[in-house]
file model.csv (CSV, C-alpha atoms and all ligand atoms)
chain,number,residue,atom,x,y,z
A,47,MET,CA,3.7,-0.9,24.0
A,48,GLY,CA,7.3,-2.2,23.7
A,49,ARG,CA,8.8,-4.4,21.0
A,50,LEU,CA,6.6,-6.9,19.1
A,51,VAL,CA,7.7,-10.0,17.3
A,52,ILE,CA,5.5,-11.1,14.4
A,53,PRO,CA,5.7,-14.5,12.8
A,54,ALA,CA,6.8,-14.0,9.2
A,55,GLN,CA,8.8,-15.4,6.4
A,56,PRO,CA,11.8,-15.9,6.1
A,57,ALA,CA,12.1,-14.9,9.8
A,58,PRO,CA,10.1,-13.4,12.7
A,59,PHE,CA,9.8,-9.6,12.3
A,60,ALA,CA,10.5,-7.5,15.3
A,61,LEU,CA,9.1,-4.0,15.3
A,62,GLU,CA,8.7,-1.0,17.7
A,63,PRO,CA,5.1,0.3,17.3
A,64,GLU,CA,6.2,3.9,18.0
A,65,ARG,CA,8.5,3.7,15.0
A,66,THR,CA,6.1,1.8,12.7
A,67,ALA,CA,3.8,3.2,10.0
A,68,LEU,CA,1.1,1.4,8.0
A,69,LEU,CA,1.1,2.2,4.3
A,70,MET,CA,-2.1,1.5,2.4
A,71,ILE,CA,-1.1,1.5,-1.2
A,72,ASP,CA,-3.6,2.6,-3.9
A,73,MET,CA,-6.8,1.0,-2.7
A,74,GLN,CA,-8.6,3.2,-5.3
A,75,ARG,CA,-11.8,2.8,-7.2
A,76,ASP,CA,-9.9,3.0,-10.4
A,77,PHE,CA,-8.1,-0.3,-9.5
A,78,LEU,CA,-10.8,-2.1,-7.5
A,79,GLU,CA,-14.1,-1.2,-9.1
A,80,PRO,CA,-15.4,-2.0,-12.7
A,81,GLY,CA,-15.0,0.9,-15.2
A,82,GLY,CA,-11.6,2.3,-14.1
A,83,PHE,CA,-8.0,1.9,-15.0
A,84,GLY,CA,-7.9,-1.8,-14.1
A,85,THR,CA,-10.8,-2.6,-16.4
A,86,ALA,CA,-9.3,-0.4,-19.2
A,87,LEU,CA,-6.2,-2.6,-19.1
A,88,GLY,CA,-8.4,-5.7,-19.5
A,89,ASN,CA,-8.3,-7.0,-16.0
A,90,ASP,CA,-10.8,-8.8,-13.8
A,91,VAL,CA,-11.0,-6.2,-11.0
A,92,SER,CA,-12.8,-8.6,-8.6
A,93,ARG,CA,-9.5,-10.4,-8.0
A,94,LEU,CA,-8.3,-7.4,-6.0
A,95,ARG,CA,-11.3,-7.3,-3.7
A,96,THR,CA,-9.9,-10.2,-1.6
A,97,ALA,CA,-7.5,-7.7,-0.1
A,98,ILE,CA,-10.3,-5.4,1.2
A,99,ALA,CA,-11.3,-7.3,4.4
A,100,PRO,CA,-7.6,-7.9,5.5
A,101,CYS,CA,-6.9,-4.2,4.8
A,102,GLN,CA,-9.9,-3.3,7.0
A,103,SER,CA,-8.5,-5.5,9.7
A,104,LEU,CA,-5.1,-3.9,9.5
A,105,LEU,CA,-6.6,-0.4,9.7
A,106,ASP,CA,-8.5,-1.4,12.8
A,107,THR,CA,-5.3,-2.8,14.4
A,108,ALA,CA,-3.3,0.2,13.4
A,109,ARG,CA,-5.9,2.7,14.6
A,110,GLU,CA,-6.3,0.9,17.9
A,111,ALA,CA,-2.5,0.8,18.4
A,112,GLY,CA,-2.1,4.4,17.4
A,113,LEU,CA,0.3,3.7,14.5
A,114,PHE,CA,1.0,6.4,11.9
A,115,ILE,CA,-1.2,5.5,8.8
A,116,ILE,CA,-0.6,6.8,5.3
A,117,HIS,CA,-2.8,6.1,2.3
A,118,THR,CA,-1.5,6.6,-1.2
A,119,ARG,CA,-3.2,7.2,-4.5
A,120,GLU,CA,-1.7,6.8,-7.9
A,121,GLY,CA,-2.9,9.5,-10.3
A,122,HIS,CA,-2.1,12.6,-12.3
A,123,ARG,CA,-2.8,16.3,-12.7
A,124,ALA,CA,-5.8,17.1,-15.0
A,125,ASP,CA,-3.5,18.5,-17.6
A,126,LEU,CA,-1.4,15.2,-17.4
A,127,SER,CA,1.8,17.3,-17.2
A,128,ASP,CA,3.1,14.9,-14.6
A,129,ALA,CA,2.5,11.8,-16.7
A,130,PRO,CA,5.4,10.7,-18.8
A,131,PRO,CA,4.5,9.9,-22.4
A,132,ALA,CA,5.9,6.4,-22.0
A,133,LYS,CA,3.1,5.8,-19.4
A,134,LEU,CA,0.4,7.5,-21.4
A,135,GLU,CA,1.1,5.7,-24.6
A,136,ARG,CA,0.6,2.2,-23.2
A,137,SER,CA,-3.0,1.7,-24.2
A,138,SER,CA,-5.4,2.9,-26.9
A,139,PRO,CA,-6.5,6.5,-26.6
A,140,ASP,CA,-10.0,5.7,-25.4
A,141,LYS,CA,-8.6,3.6,-22.5
A,142,ARG,CA,-5.5,5.3,-21.4
A,143,ILE,CA,-4.8,7.5,-18.4
A,144,GLY,CA,-6.8,10.8,-18.8
A,145,ALA,CA,-9.5,9.2,-21.0
A,146,CYS,CA,-13.1,9.5,-19.9
A,147,GLY,CA,-14.7,6.4,-18.3
A,148,PRO,CA,-17.7,5.6,-16.1
A,149,MET,CA,-15.8,6.9,-13.0
A,150,GLY,CA,-14.5,10.0,-14.7
A,151,ARG,CA,-11.1,10.6,-16.3
A,152,ILE,CA,-8.9,7.5,-15.7
A,153,LEU,CA,-6.3,8.0,-12.9
A,154,VAL,CA,-6.8,11.7,-12.8
A,155,ARG,CA,-6.8,13.5,-9.4
A,156,GLY,CA,-10.1,14.7,-8.3
A,157,GLU,CA,-12.1,12.3,-10.4
A,158,PRO,CA,-14.4,9.7,-8.7
A,159,GLY,CA,-12.3,6.8,-9.8
A,160,HIS,CA,-9.2,8.3,-8.2
A,161,ASP,CA,-10.8,8.1,-4.8
A,162,ILE,CA,-10.0,5.5,-2.2
A,163,ILE,CA,-12.8,2.9,-2.0
A,164,ALA,CA,-15.4,3.6,0.6
A,165,GLU,CA,-14.6,0.5,2.7
A,166,LEU,CA,-11.1,1.8,3.4
A,167,ALA,CA,-11.8,5.6,3.6
A,168,PRO,CA,-9.0,7.5,5.4
A,169,LEU,CA,-10.0,9.0,8.8
A,170,SER,CA,-9.2,12.6,9.5
A,171,GLY,CA,-5.5,12.9,10.5
A,172,GLU,CA,-4.4,10.1,8.2
A,173,PRO,CA,-2.4,11.7,5.4
A,174,VAL,CA,-3.2,10.8,1.8
A,175,VAL,CA,-0.2,10.9,-0.5
A,176,ASP,CA,-0.8,11.5,-4.2
A,177,LYS,CA,1.9,9.9,-6.3
A,178,PRO,CA,2.5,10.1,-10.0
A,179,GLY,CA,4.5,6.9,-10.2
A,180,LYS,CA,4.3,3.3,-9.0
A,181,GLY,CA,6.5,3.8,-5.9
A,182,ALA,CA,5.2,5.9,-3.0
A,183,PHE,CA,8.7,7.5,-2.6
A,184,TYR,CA,9.0,8.8,-6.2
A,185,GLN,CA,8.2,12.6,-6.4
A,186,THR,CA,6.3,12.7,-3.1
A,187,ASP,CA,7.1,13.9,0.4
A,188,ILE,CA,6.4,10.5,2.1
A,189,ASP,CA,10.0,10.0,3.1
A,190,LEU,CA,10.1,13.4,4.8
A,191,MET,CA,6.8,12.6,6.7
A,192,LEU,CA,8.1,9.2,7.9
A,193,ARG,CA,11.5,10.5,8.9
A,194,ASN,CA,10.0,13.5,10.8
A,195,ARG,CA,8.1,10.9,12.9
A,196,GLY,CA,11.1,8.7,13.4
A,197,ILE,CA,9.5,5.8,11.5
A,198,THR,CA,11.9,3.0,10.6
A,199,PHE,CA,9.4,0.1,10.3
A,200,LEU,CA,6.8,-0.1,7.5
A,201,ILE,CA,3.8,-2.4,7.2
A,202,VAL,CA,2.9,-2.2,3.5
A,203,ALA,CA,-0.4,-3.4,2.1
A,204,GLY,CA,-2.5,-2.7,-1.0
A,205,VAL,CA,-2.5,-3.2,-4.7
A,206,THR,CA,-1.1,-4.4,-6.9
A,207,THR,CA,1.4,-6.8,-5.3
A,208,GLU,CA,3.9,-6.8,-8.1
A,209,VAL,CA,3.5,-3.2,-9.3
A,210,CYS,CA,2.9,-0.4,-6.7
A,211,VAL,CA,3.4,-2.5,-3.6
A,212,HIS,CA,6.6,-4.0,-4.9
A,213,THR,CA,8.0,-0.7,-6.2
A,214,THR,CA,7.2,1.0,-2.9
A,215,ILE,CA,8.9,-1.8,-0.9
A,216,ARG,CA,12.0,-1.7,-3.1
A,217,GLU,CA,12.2,2.1,-2.7
A,218,ALA,CA,11.7,1.8,1.1
A,219,ASN,CA,14.3,-1.0,1.4
A,220,ASP,CA,16.9,1.1,-0.4
A,221,ARG,CA,16.2,4.0,2.0
A,222,GLY,CA,16.8,1.7,5.0
A,223,TYR,CA,13.2,1.0,6.2
A,224,ARG,CA,12.4,-2.4,7.5
A,225,CYS,CA,9.3,-3.7,5.6
A,226,LEU,CA,6.7,-6.2,6.6
A,227,VAL,CA,4.1,-7.3,4.0
A,228,PRO,CA,0.8,-8.9,5.0
A,229,GLY,CA,0.3,-11.0,1.9
A,230,ASP,CA,-3.4,-11.4,2.2
A,231,ALA,CA,-3.8,-7.6,2.3
A,232,CYS,CA,-2.2,-7.3,-1.1
A,233,ALA,CA,-3.6,-8.5,-4.4
A,234,SER,CA,-2.9,-8.7,-8.1
A,235,TYR,CA,-5.0,-9.1,-11.2
A,236,VAL,CA,-2.7,-12.1,-12.0
A,237,PRO,CA,-2.6,-14.6,-9.2
A,238,GLU,CA,0.8,-16.0,-10.0
A,239,PHE,CA,2.3,-12.5,-10.0
A,240,HIS,CA,0.9,-12.1,-6.5
A,241,GLU,CA,2.4,-15.4,-5.3
A,242,VAL,CA,5.8,-14.9,-6.9
A,243,GLY,CA,5.8,-11.2,-5.9
A,244,LEU,CA,5.5,-12.2,-2.2
A,245,ARG,CA,8.2,-14.9,-2.6
A,246,MET,CA,10.6,-12.4,-4.2
A,247,ILE,CA,10.2,-10.1,-1.1
A,248,ALA,CA,11.1,-12.8,1.3
A,249,ALA,CA,13.7,-14.6,-0.8
A,250,GLN,CA,17.4,-14.5,-0.1
A,251,GLY,CA,17.0,-14.0,3.6
A,252,GLY,CA,14.3,-11.3,3.2
A,253,ILE,CA,16.0,-9.3,0.5
A,254,PHE,CA,13.2,-6.7,0.4
A,255,GLY,CA,11.4,-7.5,3.6
A,256,CYS,CA,9.4,-10.1,5.4
A,257,VAL,CA,6.0,-11.6,4.6
A,258,THR,CA,3.2,-12.4,7.0
A,259,THR,CA,-0.6,-12.2,7.3
A,260,SER,CA,-3.0,-9.6,8.6
A,261,ALA,CA,-4.1,-12.1,11.2
A,262,GLU,CA,-0.6,-12.5,12.6
A,263,ILE,CA,-0.2,-8.7,12.8
A,264,GLY,CA,-3.6,-8.4,14.5
A,265,ALA,CA,-2.8,-11.1,17.0
A,266,ALA,CA,0.6,-9.7,17.9
A,267,PHE,CA,-0.9,-6.2,18.6
A,268,VAL,CA,-3.9,-7.6,20.6
A,269,ALA,CA,-1.4,-9.6,22.7
A,270,ALA,CA,0.7,-6.5,23.3
A,271,LEU,CA,-2.3,-4.4,24.2
A,272,VAL,CA,-3.5,-7.1,26.7
A,273,ARG,CA,0.0,-7.2,28.2
A,274,MET,CA,-0.1,-3.4,28.6
A,275,GLU,CA,-3.5,-3.4,30.3
A,276,ARG,CA,-2.4,-6.2,32.7
A,277,ALA,CA,0.7,-4.2,33.6
A,278,GLU,CA,-1.3,-1.1,34.2
A,279,ALA,CA,-4.0,-2.9,36.4
B,301,LIG,C1,-0.7,-0.3,-11.4
B,301,LIG,C2,-0.7,-0.1,-9.0
B,301,LIG,N1,-0.9,-1.6,-11.4
B,301,LIG,N2,-1.2,0.6,-8.0
B,301,LIG,N3,-0.8,0.4,-10.3
B,301,LIG,O1,-0.6,0.3,-12.5
B,301,LIG,O2,-0.2,-1.2,-8.8
call {"tool": "encode", "arguments": {"input": "model.csv", "output": "structure tokens"}}
result
Amino acid sequence: MGRLVIPAQPAPFALEPERTALLMIDMQRDFLEPGGFGTALGNDVSRLRTAIAPCQSLLDTAREAGLFIIHTREGHRADLSDAPPAKLERSSPDKRIGACGPMGRILVRGEPGHDIIAELAPLSGEPVVDKPGKGAFYQTDIDLMLRNRGITFLIVAGVTTEVCVHTTIREANDRGYRCLVPGDACASYVPEFHEVGLRMIAAQGGIFGCVTTSAEIGAAFVAALVRMERAEA
């Protein structure tokens, strides 16, 4: 498909599709549907749902272009042996990780709330990485999977902007990946954290990466596919 240049802040982002992966961060029922971890922390989970349609559009684009797609889920073993006490202690016992809620035990692997929302269900062949922390690189094999494929560019979307998306981008940036963040495909329970989180990524010449929209990414890939079809005709 050749090199693509996507309009972005603070500068256009050039990527090679063959070396690009889409990371869909934690689009789980526990964060996006009432009755899960988001609700337990006192949040209005409907705020996160603005990211669903842009994430669907990104998945369509990535699948059409044959990009490597990885979905992540934050959660813990049933015995909580991989959950640090500092993380467990944050809320009252009936609302913390491992407590029983309407979607099963909160943020526990295998429970209904831990699943990715139906709208963004992974297709077969798209790996799902279970992570015990905020960052997708912490205590997971994601770096190995990306390096084995020769991936150096990441498109990172999901929730929440300032927590798991930000932590993942920071981890990726330190490991040398070039990150592009479609801001409309990320969301936060706190709108100003979302805004400032995106600004922080693109600040200081793109200190953690570049910020764009799902529409810009879609348009760049469509244009590249059209160019390819014309060249082949
Ligand atoms: C949080 C996440 N917010 N996926 N997790 O605890 O951002």
call {"tool": "atom_distance", "arguments": {"input": "model.csv", "atom1": "CA of Leu94 in chain A", "atom2": "CA of Ala233 in chain A"}}
result
5.1 Å
call {"tool": "atom_distance", "arguments": {"input": "model.csv", "atom1": "CA of Gly229 in chain A", "atom2": "CA of Ser92 in chain A"}}
result
17.0 Å
call {"tool": "atom_distance", "arguments": {"input": "model.csv", "atom1": "CA of Met246 in chain A", "atom2": "CA of Pro56 in chain A"}}
result
10.9 Å
call {"tool": "residues_near_ligand", "arguments": {"input": "model.csv", "ligand": "ligand LIG 301 (chain B)", "cutoff": "9 Å", "atoms": "all atoms listed in the file", "output": "PDB file with C-alpha atoms, in the coordinates of the input"}}
result
ATOM      1  CA  ILE A  71      -1.100   1.500  -1.200  1.00  0.00           C
ATOM      2  CA  ASP A  72      -3.600   2.600  -3.900  1.00  0.00           C
ATOM      3  CA  MET A  73      -6.800   1.000  -2.700  1.00  0.00           C
ATOM      4  CA  GLN A  74      -8.600   3.200  -5.300  1.00  0.00           C
ATOM      5  CA  PHE A  77      -8.100  -0.300  -9.500  1.00  0.00           C
ATOM      6  CA  PHE A  83      -8.000   1.900 -15.000  1.00  0.00           C
ATOM      7  CA  GLY A  84      -7.900  -1.800 -14.100  1.00  0.00           C
ATOM      8  CA  ARG A 119      -3.200   7.200  -4.500  1.00  0.00           C
ATOM      9  CA  GLU A 120      -1.700   6.800  -7.900  1.00  0.00           C
ATOM     10  CA  GLY A 179       4.500   6.900 -10.200  1.00  0.00           C
ATOM     11  CA  LYS A 180       4.300   3.300  -9.000  1.00  0.00           C
ATOM     12  CA  GLY A 181       6.500   3.800  -5.900  1.00  0.00           C
ATOM     13  CA  GLY A 204      -2.500  -2.700  -1.000  1.00  0.00           C
ATOM     14  CA  VAL A 205      -2.500  -3.200  -4.700  1.00  0.00           C
ATOM     15  CA  THR A 206      -1.100  -4.400  -6.900  1.00  0.00           C
ATOM     16  CA  THR A 207       1.400  -6.800  -5.300  1.00  0.00           C
ATOM     17  CA  GLU A 208       3.900  -6.800  -8.100  1.00  0.00           C
ATOM     18  CA  VAL A 209       3.500  -3.200  -9.300  1.00  0.00           C
ATOM     19  CA  CYS A 210       2.900  -0.400  -6.700  1.00  0.00           C
ATOM     20  CA  VAL A 211       3.400  -2.500  -3.600  1.00  0.00           C
ATOM     21  CA  HIS A 212       6.600  -4.000  -4.900  1.00  0.00           C
ATOM     22  CA  THR A 213       8.000  -0.700  -6.200  1.00  0.00           C
ATOM     23  CA  SER A 234      -2.900  -8.700  -8.100  1.00  0.00           C
ATOM     24  CA  TYR A 235      -5.000  -9.100 -11.200  1.00  0.00           C
TER      25      TYR A 235
END
call {"tool": "residues_around", "arguments": {"input": "model.csv", "residues": "Pro63 in chain A", "least_positions_apart": "3", "cutoff": "12 Å", "atoms": "all atoms listed in the file", "output": "number ranges by chain"}}
result
A: 47-52, 60, 66-68, 107-115, 195-201, 263, 266-267, 270-271
call {"tool": "closest_residue", "arguments": {"input": "model.csv", "among": "A:Ile253, A:Phe183, A:Val174, A:Leu69", "to": "Leu104 in chain A", "atoms": "all atoms listed in the file"}}
result
A:Leu69
